[in-house]
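Below: input-v2.txt (compact mmCIF, C-alpha atoms)
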```txt
# COMPACT_ATOMS: atom_id res chain seq x y z
CA GLU A 1 0.00 0.00 0.00
CA ALA A 2 1.34 3.42 -0.95
CA GLY A 3 2.15 5.81 1.87
CA VAL A 4 1.55 9.54 2.05
CA THR A 5 3.15 11.29 -0.87
CA GLN A 6 4.06 14.93 -1.24
CA PHE A 7 5.00 16.98 -4.25
CA PRO A 8 7.34 18.62 -4.91
CA SER A 9 10.08 17.33 -2.66
CA HIS A 10 11.87 20.66 -2.88
CA SER A 11 10.80 24.08 -4.10
CA VAL A 12 12.91 27.20 -4.40
CA ILE A 13 11.06 30.45 -5.10
CA GLU A 14 11.62 34.15 -4.73
CA LYS A 15 9.91 36.31 -2.17
CA GLY A 16 6.55 37.44 -3.45
CA GLN A 17 5.97 34.43 -5.68
CA THR A 18 3.30 31.80 -5.24
CA VAL A 19 3.90 28.15 -4.43
CA THR A 20 1.47 25.26 -4.21
CA LEU A 21 2.31 22.13 -2.29
CA ARG A 22 0.41 18.92 -2.83
CA CYS A 23 -0.29 16.01 -0.52
CA ASP A 24 -1.81 12.67 -1.45
CA PRO A 25 -2.92 10.84 1.68
CA ILE A 26 -3.20 7.11 2.11
CA SER A 27 -6.27 5.92 0.25
CA GLY A 28 -9.35 5.87 2.45
CA HIS A 29 -7.95 8.13 5.16
CA ASP A 30 -10.48 10.78 6.11
CA ASN A 31 -8.13 12.81 8.28
CA LEU A 32 -5.46 14.92 6.65
CA TYR A 33 -3.09 17.20 8.52
CA TRP A 34 -0.55 19.81 7.50
CA TYR A 35 2.45 20.62 9.70
CA ARG A 36 5.60 22.60 9.12
CA ARG A 37 9.02 23.08 10.62
CA VAL A 38 10.64 26.42 10.04
CA MET A 39 14.37 26.88 10.63
CA GLY A 40 15.45 25.98 14.14
CA LYS A 41 11.93 25.60 15.42
CA GLU A 42 9.70 22.71 16.40
CA ILE A 43 7.27 20.99 14.08
CA LYS A 44 4.05 23.00 14.24
CA PHE A 45 0.51 22.04 13.33
CA LEU A 46 -1.15 24.08 10.58
CA LEU A 47 -4.55 22.56 9.94
CA HIS A 48 -6.68 19.44 9.93
CA PHE A 49 -9.16 18.27 7.31
CA VAL A 50 -11.84 15.69 7.87
CA LYS A 51 -12.72 14.58 4.38
CA GLU A 52 -13.15 17.84 2.47
CA SER A 53 -13.98 19.99 5.50
CA LYS A 54 -11.52 22.10 7.45
CA GLN A 55 -11.92 20.84 10.98
CA ASP A 56 -9.21 22.85 12.73
CA GLU A 57 -7.42 25.81 11.18
CA SER A 58 -5.96 27.12 14.41
CA GLY A 59 -2.36 26.71 13.29
CA MET A 60 -2.55 28.61 10.01
CA PRO A 61 -0.15 31.54 10.41
CA ASN A 62 -1.96 34.13 8.29
CA ASN A 63 -4.16 34.64 5.26
CA ARG A 64 -1.28 34.12 2.84
CA PHE A 65 -1.81 30.40 3.39
CA LEU A 66 -4.74 28.65 1.73
CA ALA A 67 -5.41 24.95 2.07
CA GLU A 68 -7.92 22.94 0.10
CA ARG A 69 -8.88 19.32 -0.12
CA THR A 70 -10.72 18.49 -3.28
CA GLY A 71 -13.40 15.85 -2.90
CA GLY A 72 -11.82 14.63 0.30
CA THR A 73 -8.85 13.14 -1.52
CA TYR A 74 -5.62 15.03 -2.15
CA SER A 75 -4.89 18.39 -0.55
CA THR A 76 -3.05 21.48 -1.65
CA LEU A 77 -1.42 24.19 0.43
CA LYS A 78 -0.87 27.46 -1.41
CA VAL A 79 1.36 30.21 -0.12
CA GLN A 80 0.69 33.55 -1.81
CA PRO A 81 2.75 35.69 -1.68
CA ALA A 82 5.62 33.78 -0.13
CA GLU A 83 7.80 35.51 2.46
CA LEU A 84 11.28 34.65 3.67
CA GLU A 85 9.96 33.33 6.99
CA ASP A 86 7.89 30.73 5.16
CA SER A 87 11.03 28.72 4.40
CA GLY A 88 11.01 25.34 6.03
CA VAL A 89 9.78 21.80 5.63
CA TYR A 90 6.07 21.21 5.18
CA PHE A 91 4.74 17.82 6.24
CA CYS A 92 1.45 16.20 5.46
CA ALA A 93 -0.03 13.37 7.50
CA SER A 94 -3.14 11.26 7.18
CA SER A 95 -5.04 8.92 9.43
CA GLN A 96 -8.18 6.92 9.77
CA VAL A 97 -10.15 6.45 12.93
CA PHE A 98 -12.75 3.89 13.76
CA GLY A 99 -15.12 4.37 16.64
CA GLY A 100 -13.32 7.36 18.15
CA ARG A 101 -10.14 5.43 18.84
CA ILE A 102 -6.75 7.05 18.90
CA ASP A 103 -5.39 7.41 15.40
CA GLU A 104 -1.88 6.83 14.18
CA GLN A 105 -0.82 9.59 11.86
CA PHE A 106 1.18 8.57 8.81
CA PHE A 107 3.51 11.28 7.59
CA GLY A 108 4.80 12.03 4.16
CA PRO A 109 8.47 12.81 3.48
CA GLY A 110 7.84 16.55 3.44
CA THR A 111 8.33 19.38 0.97
CA ARG A 112 11.34 21.60 1.59
CA LEU A 113 10.41 25.18 0.70
CA THR A 114 13.12 27.77 0.26
CA VAL A 115 12.11 31.38 -0.22
CA LEU A 116 14.91 33.64 -1.47
CA ASP F 1 -1.92 20.52 25.38
CA ALA F 2 0.13 19.62 28.45
CA LYS F 3 3.88 20.06 28.17
CA THR F 4 6.51 17.32 28.06
CA THR F 5 10.18 17.53 29.02
CA GLN F 6 12.81 15.37 27.35
CA PRO F 7 16.61 15.37 27.40
CA ASN F 8 18.06 17.14 24.39
CA SER F 9 20.22 14.19 23.42
CA MET F 10 21.20 10.65 24.35
CA GLU F 11 23.72 8.17 23.07
CA SER F 12 23.73 4.42 22.87
CA ASN F 13 25.75 1.58 21.44
CA GLU F 14 24.36 -0.77 18.87
CA GLU F 15 22.67 -3.88 20.24
CA GLU F 16 22.22 -2.31 23.68
CA PRO F 17 18.89 -1.26 25.23
CA VAL F 18 17.95 2.41 25.24
CA HIS F 19 15.68 4.10 27.77
CA LEU F 20 14.33 7.46 26.61
CA PRO F 21 12.68 9.39 29.45
CA CYS F 22 9.85 11.89 29.28
CA ASN F 23 8.39 13.99 32.08
CA HIS F 24 4.81 15.21 31.86
CA SER F 25 3.87 16.36 35.34
CA THR F 26 0.80 18.31 34.16
CA ILE F 27 -0.78 15.40 32.32
CA SER F 28 -4.54 15.18 32.62
CA GLY F 29 -6.50 12.02 33.19
CA THR F 30 -7.60 11.72 29.58
CA ASP F 31 -4.27 12.48 27.92
CA TYR F 32 -2.68 9.71 25.92
CA ILE F 33 1.11 9.48 25.82
CA HIS F 34 2.42 9.14 22.28
CA TRP F 35 5.89 8.62 20.91
CA TYR F 36 6.87 9.49 17.40
CA ARG F 37 10.32 9.53 15.88
CA GLN F 38 11.83 11.29 12.90
CA LEU F 39 14.59 9.59 10.99
CA PRO F 40 16.98 11.82 9.01
CA SER F 41 15.35 13.39 5.94
CA GLN F 42 12.01 11.70 6.61
CA GLY F 43 8.68 12.66 8.09
CA PRO F 44 7.80 11.69 11.66
CA GLU F 45 6.86 8.09 12.26
CA TYR F 46 4.52 6.65 14.89
CA VAL F 47 6.24 4.47 17.48
CA ILE F 48 3.81 3.67 20.27
CA HIS F 49 1.15 5.12 22.54
CA GLY F 50 -0.44 4.35 25.89
CA LEU F 51 -2.77 5.66 28.55
CA THR F 52 -2.06 3.99 31.88
CA SER F 53 -0.67 0.51 31.36
CA ASN F 54 2.68 -0.41 29.90
CA VAL F 55 2.54 -1.19 26.20
CA ASN F 56 4.62 -3.31 23.87
CA ASN F 57 4.74 -3.48 20.11
CA ARG F 58 7.19 -4.65 17.51
CA MET F 59 9.15 -1.42 17.62
CA ALA F 60 9.40 -0.60 21.30
CA SER F 61 7.95 -0.73 24.79
CA LEU F 62 6.37 2.11 26.71
CA ALA F 63 6.65 2.13 30.48
CA ILE F 64 4.27 4.55 32.21
CA ALA F 65 4.76 5.60 35.81
CA GLU F 66 1.97 4.80 38.21
CA ASP F 67 1.16 8.49 38.71
CA ARG F 68 1.47 9.02 34.92
CA LYS F 69 3.74 12.00 35.43
CA SER F 70 6.54 10.36 33.52
CA SER F 71 7.10 7.65 30.96
CA THR F 72 9.98 5.86 29.31
CA LEU F 73 10.31 4.62 25.76
CA ILE F 74 12.40 1.47 25.65
CA LEU F 75 14.21 0.25 22.57
CA HIS F 76 15.29 -3.24 23.53
CA ARG F 77 18.22 -3.54 21.13
CA ALA F 78 19.25 -0.35 19.42
CA THR F 79 20.28 -0.52 15.80
CA LEU F 80 21.91 2.12 13.65
CA ARG F 81 18.53 2.62 12.00
CA ASP F 82 17.10 3.76 15.34
CA ALA F 83 19.18 6.94 15.25
CA ALA F 84 16.51 9.63 15.12
CA VAL F 85 14.78 12.41 17.01
CA TYR F 86 12.26 10.93 19.43
CA TYR F 87 9.23 12.96 20.41
CA CYS F 88 7.10 12.37 23.48
CA ILE F 89 3.66 13.89 22.89
CA LEU F 90 0.62 14.19 25.10
CA ARG F 91 -2.61 14.02 23.23
CA GLY F 92 -5.94 14.83 24.72
CA TYR F 93 -9.34 14.74 23.17
CA SER F 94 -9.88 17.82 21.07
CA ALA F 95 -13.31 19.25 20.44
CA ASN F 96 -11.78 20.85 17.35
CA ALA F 97 -11.12 17.41 15.92
CA GLY F 98 -14.79 16.96 15.19
CA GLY F 99 -15.13 13.75 17.11
CA THR F 100 -13.27 11.78 14.49
CA SER F 101 -9.81 11.74 16.04
CA TYR F 102 -7.73 13.16 18.84
CA GLY F 103 -6.67 15.81 16.40
CA LYS F 104 -3.32 17.46 16.03
CA LEU F 105 0.02 16.39 17.41
CA THR F 106 1.96 18.98 19.40
CA PHE F 107 5.68 18.38 18.95
CA GLY F 108 8.35 19.56 21.35
CA GLN F 109 12.10 19.62 20.78
CA GLY F 110 12.47 15.88 21.23
CA THR F 111 15.53 13.80 22.11
CA ILE F 112 18.24 13.26 19.52
CA LEU F 113 19.33 9.65 19.81
CA THR F 114 22.77 8.76 18.50
CA VAL F 115 23.60 5.07 18.09
CA HIS F 116 27.25 4.09 17.88
CA PRO F 117 28.37 0.97 15.98
```

Please lay out the structure from this file as structure tokens.
Amino acid sequence: EAGVTQFPSHSVIEKGQTVTLRCDPISGHDNLYWYRRVMGKEIKFLLHFVKESKQDESGMPNNRFLAERTGGTYSTLKVQPAELEDSGVYFCASSQVFGGRIDEQFFGPGTRLTVL
Amino acid sequence: DAKTTQPNSMESNEEEPVHLPCNHSTISGTDYIHWYRQLPSQGPEYVIHGLTSNVNNRMASLAIAEDRKSSTLILHRATLRDAAVYYCILRGYSANAGGTSYGKLTFGQGTILTVHP
């Protein structure tokens, strides 16, 4: 079974440009999460989808970040316009839960974003 | 989420057991204790979780103190592949999670484990 995949693996853009990151979760997983680690900091939660709905957006840093999840399958995270402080590694994770049990989150390899 | 405290780094020799400690003195009664690890250049990976009782799986064991204010992740025989950053995470039920999961993971600094050949 394929794991969580993310595209691209690395993106280098200039300040002010737009970048779109994509995450394909494990098939059948309703929960999809975005996290990021900026330089020298801890991994931070960004947002949580349940199917196509945004369940928790409390970690989104500002309105330059827009996340979507089309039809409850893959998700995109757009940064527009990108700023220098957006540089870091963006992780996607997915999970499935049955009967309210604790879920194990499966992470993708991450997208390394460099804003120059 | 309640805070956890872990040593910044630990070292071990290959084939030896490793005990990774975690303090969580402000844990609430419904918080689960999770461990994830991040291998170099990879995303985090689930290791184990528990609530009150000790837990074992194919990767590791989790020993939870009786008062639940601390826990220890045990790798029974460290291999070079176990070199990673290990995160101890408390996870409580989140109303924001919509009733479908315990929601987000809150990562701390973690413990960098070095395994020597």

Residue list for chain A near chain F as a PyMOL selection string, 9 Å, all atoms listed in the file: chain A and resi 30-31+33+41-50+55-56+91-93+95-110

Spatial neighbours of Glu66 (chain F), 12 Å, only C-alpha atoms, chain gap at least 3 places, as a list in words: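 Once the adjacent positions are removed, what remains is Leu51, Thr52, Ser53, Asn54, Ala63, Lys69, Ser70 and Ser71 of chain F.
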
Best match for closeness to Phe65 (chain A) among A:Leu113, A:Lys78, A:Arg36, A:Val12, counting all atoms listed in the file: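 Checking each of A:Leu113, A:Lys78, A:Arg36, A:Val12 against Phe65 (chain A), counting all atoms listed in the file, the winner is A:Lys78.
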
Point (9.9, 9.9, 26.3), cut-off 10 Å, counting all atoms listed in the file, residues as a ChimeraX atom specification: /F:4-7,19-24,33-36,62-64,70-74,86-89,110-111

Separation of CA of His116 (chain F) from CA of Gly40 (chain A), in Å and rounded to one decimal: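 Straight-line distance from CA of His116 (chain F) to CA of Gly40 (chain A) works out to 25.1 Å.
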
Nearby residues (only C-alpha atoms) at most 6 Å from Ser75 (chain A), same-chain spacing under 6 positions excluded, as a ChimeraX atom specification: /A:22-23,68-69

Could the residues in this selection be saved with C-alpha atoms as a PDB file, in the frame of the given file?
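Listed below is the output, out-v9.pdb:
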```pdb
ATOM      1  CA  ARG A  22       0.410  18.920  -2.830  1.00  0.00           C
ATOM      2  CA  CYS A  23      -0.290  16.010  -0.520  1.00  0.00           C
ATOM      3  CA  GLU A  68      -7.920  22.940   0.100  1.00  0.00           C
ATOM      4  CA  ARG A  69      -8.880  19.320  -0.120  1.00  0.00           C
TER       5      ARG A  69
END
```

Ser11 (chain A) surroundings by only C-alpha atoms, 9 Å radius, close-in-sequence under 4 positions cut, as a list of chain:residue names: A:Val19, A:Leu21, A:Thr111, A:Arg112, A:Leu113, A:Thr114, A:Val115

Kindly reconstruct region 59-87 of chain A with N, CA and C atoms and present the result as a PDB file, in the coordinates of the input.
```
ATOM      1  N   GLY A  59      -3.794  26.538  13.466  1.00  0.00           N
ATOM      2  CA  GLY A  59      -2.360  26.710  13.290  1.00  0.00           C
ATOM      3  C   GLY A  59      -1.948  27.483  12.056  1.00  0.00           C
ATOM      4  N   MET A  60      -2.904  27.870  11.230  1.00  0.00           N
ATOM      5  CA  MET A  60      -2.550  28.610  10.010  1.00  0.00           C
ATOM      6  C   MET A  60      -2.007  29.978  10.407  1.00  0.00           C
ATOM      7  N   PRO A  61      -0.824  30.328   9.924  1.00  0.00           N
ATOM      8  CA  PRO A  61      -0.150  31.540  10.410  1.00  0.00           C
ATOM      9  C   PRO A  61      -0.803  32.848   9.971  1.00  0.00           C
ATOM     10  N   ASN A  62      -1.339  32.892   8.775  1.00  0.00           N
ATOM     11  CA  ASN A  62      -1.960  34.130   8.290  1.00  0.00           C
ATOM     12  C   ASN A  62      -2.703  33.834   6.989  1.00  0.00           C
ATOM     13  N   ASN A  63      -3.315  34.867   6.437  1.00  0.00           N
ATOM     14  CA  ASN A  63      -4.160  34.640   5.260  1.00  0.00           C
ATOM     15  C   ASN A  63      -3.378  34.491   3.965  1.00  0.00           C
ATOM     16  N   ARG A  64      -2.069  34.438   4.046  1.00  0.00           N
ATOM     17  CA  ARG A  64      -1.280  34.120   2.840  1.00  0.00           C
ATOM     18  C   ARG A  64      -1.295  32.615   2.572  1.00  0.00           C
ATOM     19  N   PHE A  65      -1.768  31.858   3.514  1.00  0.00           N
ATOM     20  CA  PHE A  65      -1.810  30.400   3.390  1.00  0.00           C
ATOM     21  C   PHE A  65      -3.243  29.968   3.125  1.00  0.00           C
ATOM     22  N   LEU A  66      -3.419  29.158   2.071  1.00  0.00           N
ATOM     23  CA  LEU A  66      -4.740  28.650   1.730  1.00  0.00           C
ATOM     24  C   LEU A  66      -4.649  27.158   1.484  1.00  0.00           C
ATOM     25  N   ALA A  67      -5.410  26.399   2.228  1.00  0.00           N
ATOM     26  CA  ALA A  67      -5.410  24.950   2.070  1.00  0.00           C
ATOM     27  C   ALA A  67      -6.753  24.499   1.531  1.00  0.00           C
ATOM     28  N   GLU A  68      -6.694  23.523   0.651  1.00  0.00           N
ATOM     29  CA  GLU A  68      -7.920  22.940   0.100  1.00  0.00           C
ATOM     30  C   GLU A  68      -7.766  21.427   0.032  1.00  0.00           C
ATOM     31  N   ARG A  69      -8.907  20.773   0.033  1.00  0.00           N
ATOM     32  CA  ARG A  69      -8.880  19.320  -0.120  1.00  0.00           C
ATOM     33  C   ARG A  69     -10.048  18.936  -1.032  1.00  0.00           C
ATOM     34  N   THR A  70      -9.715  18.727  -2.254  1.00  0.00           N
ATOM     35  CA  THR A  70     -10.720  18.490  -3.280  1.00  0.00           C
ATOM     36  C   THR A  70     -11.349  17.117  -3.139  1.00  0.00           C
ATOM     37  N   GLY A  71     -12.660  17.101  -2.956  1.00  0.00           N
ATOM     38  CA  GLY A  71     -13.400  15.850  -2.900  1.00  0.00           C
ATOM     39  C   GLY A  71     -12.941  14.920  -1.796  1.00  0.00           C
ATOM     40  N   GLY A  72     -12.264  15.470  -0.807  1.00  0.00           N
ATOM     41  CA  GLY A  72     -11.820  14.630   0.300  1.00  0.00           C
ATOM     42  C   GLY A  72     -10.682  13.712  -0.054  1.00  0.00           C
ATOM     43  N   THR A  73      -9.981  13.984  -1.157  1.00  0.00           N
ATOM     44  CA  THR A  73      -8.850  13.140  -1.520  1.00  0.00           C
ATOM     45  C   THR A  73      -7.552  13.882  -1.267  1.00  0.00           C
ATOM     46  N   TYR A  74      -6.887  14.343  -2.341  1.00  0.00           N
ATOM     47  CA  TYR A  74      -5.620  15.030  -2.150  1.00  0.00           C
ATOM     48  C   TYR A  74      -5.848  16.431  -1.614  1.00  0.00           C
ATOM     49  N   SER A  75      -4.795  17.034  -1.092  1.00  0.00           N
ATOM     50  CA  SER A  75      -4.890  18.390  -0.550  1.00  0.00           C
ATOM     51  C   SER A  75      -3.778  19.244  -1.139  1.00  0.00           C
ATOM     52  N   THR A  76      -4.065  20.526  -1.241  1.00  0.00           N
ATOM     53  CA  THR A  76      -3.050  21.480  -1.650  1.00  0.00           C
ATOM     54  C   THR A  76      -2.906  22.562  -0.592  1.00  0.00           C
ATOM     55  N   LEU A  77      -1.704  23.069  -0.467  1.00  0.00           N
ATOM     56  CA  LEU A  77      -1.420  24.190   0.430  1.00  0.00           C
ATOM     57  C   LEU A  77      -0.724  25.256  -0.405  1.00  0.00           C
ATOM     58  N   LYS A  78      -1.410  26.371  -0.576  1.00  0.00           N
ATOM     59  CA  LYS A  78      -0.870  27.460  -1.410  1.00  0.00           C
ATOM     60  C   LYS A  78      -0.365  28.568  -0.509  1.00  0.00           C
ATOM     61  N   VAL A  79       0.794  29.072  -0.831  1.00  0.00           N
ATOM     62  CA  VAL A  79       1.360  30.210  -0.120  1.00  0.00           C
ATOM     63  C   VAL A  79       1.478  31.353  -1.130  1.00  0.00           C
ATOM     64  N   GLN A  80       0.753  32.449  -0.861  1.00  0.00           N
ATOM     65  CA  GLN A  80       0.690  33.550  -1.810  1.00  0.00           C
ATOM     66  C   GLN A  80       0.460  34.874  -1.096  1.00  0.00           C
ATOM     67  N   PRO A  81       1.395  35.812  -1.167  1.00  0.00           N
ATOM     68  CA  PRO A  81       2.750  35.690  -1.680  1.00  0.00           C
ATOM     69  C   PRO A  81       3.682  35.103  -0.623  1.00  0.00           C
ATOM     70  N   ALA A  82       4.678  34.385  -1.064  1.00  0.00           N
ATOM     71  CA  ALA A  82       5.620  33.780  -0.130  1.00  0.00           C
ATOM     72  C   ALA A  82       6.550  34.825   0.477  1.00  0.00           C
ATOM     73  N   GLU A  83       6.864  34.654   1.746  1.00  0.00           N
ATOM     74  CA  GLU A  83       7.800  35.510   2.460  1.00  0.00           C
ATOM     75  C   GLU A  83       8.995  34.668   2.911  1.00  0.00           C
ATOM     76  N   LEU A  84      10.067  35.359   3.269  1.00  0.00           N
ATOM     77  CA  LEU A  84      11.280  34.650   3.670  1.00  0.00           C
ATOM     78  C   LEU A  84      11.038  33.701   4.834  1.00  0.00           C
ATOM     79  N   GLU A  85      10.192  34.131   5.775  1.00  0.00           N
ATOM     80  CA  GLU A  85       9.960  33.330   6.990  1.00  0.00           C
ATOM     81  C   GLU A  85       9.130  32.084   6.730  1.00  0.00           C
ATOM     82  N   ASP A  86       8.653  31.931   5.504  1.00  0.00           N
ATOM     83  CA  ASP A  86       7.890  30.730   5.160  1.00  0.00           C
ATOM     84  C   ASP A  86       8.804  29.545   4.829  1.00  0.00           C
ATOM     85  N   SER A  87      10.074  29.803   4.705  1.00  0.00           N
ATOM     86  CA  SER A  87      11.030  28.720   4.400  1.00  0.00           C
ATOM     87  C   SER A  87      11.000  27.672   5.499  1.00  0.00           C
TER      88      SER A  87
END
```
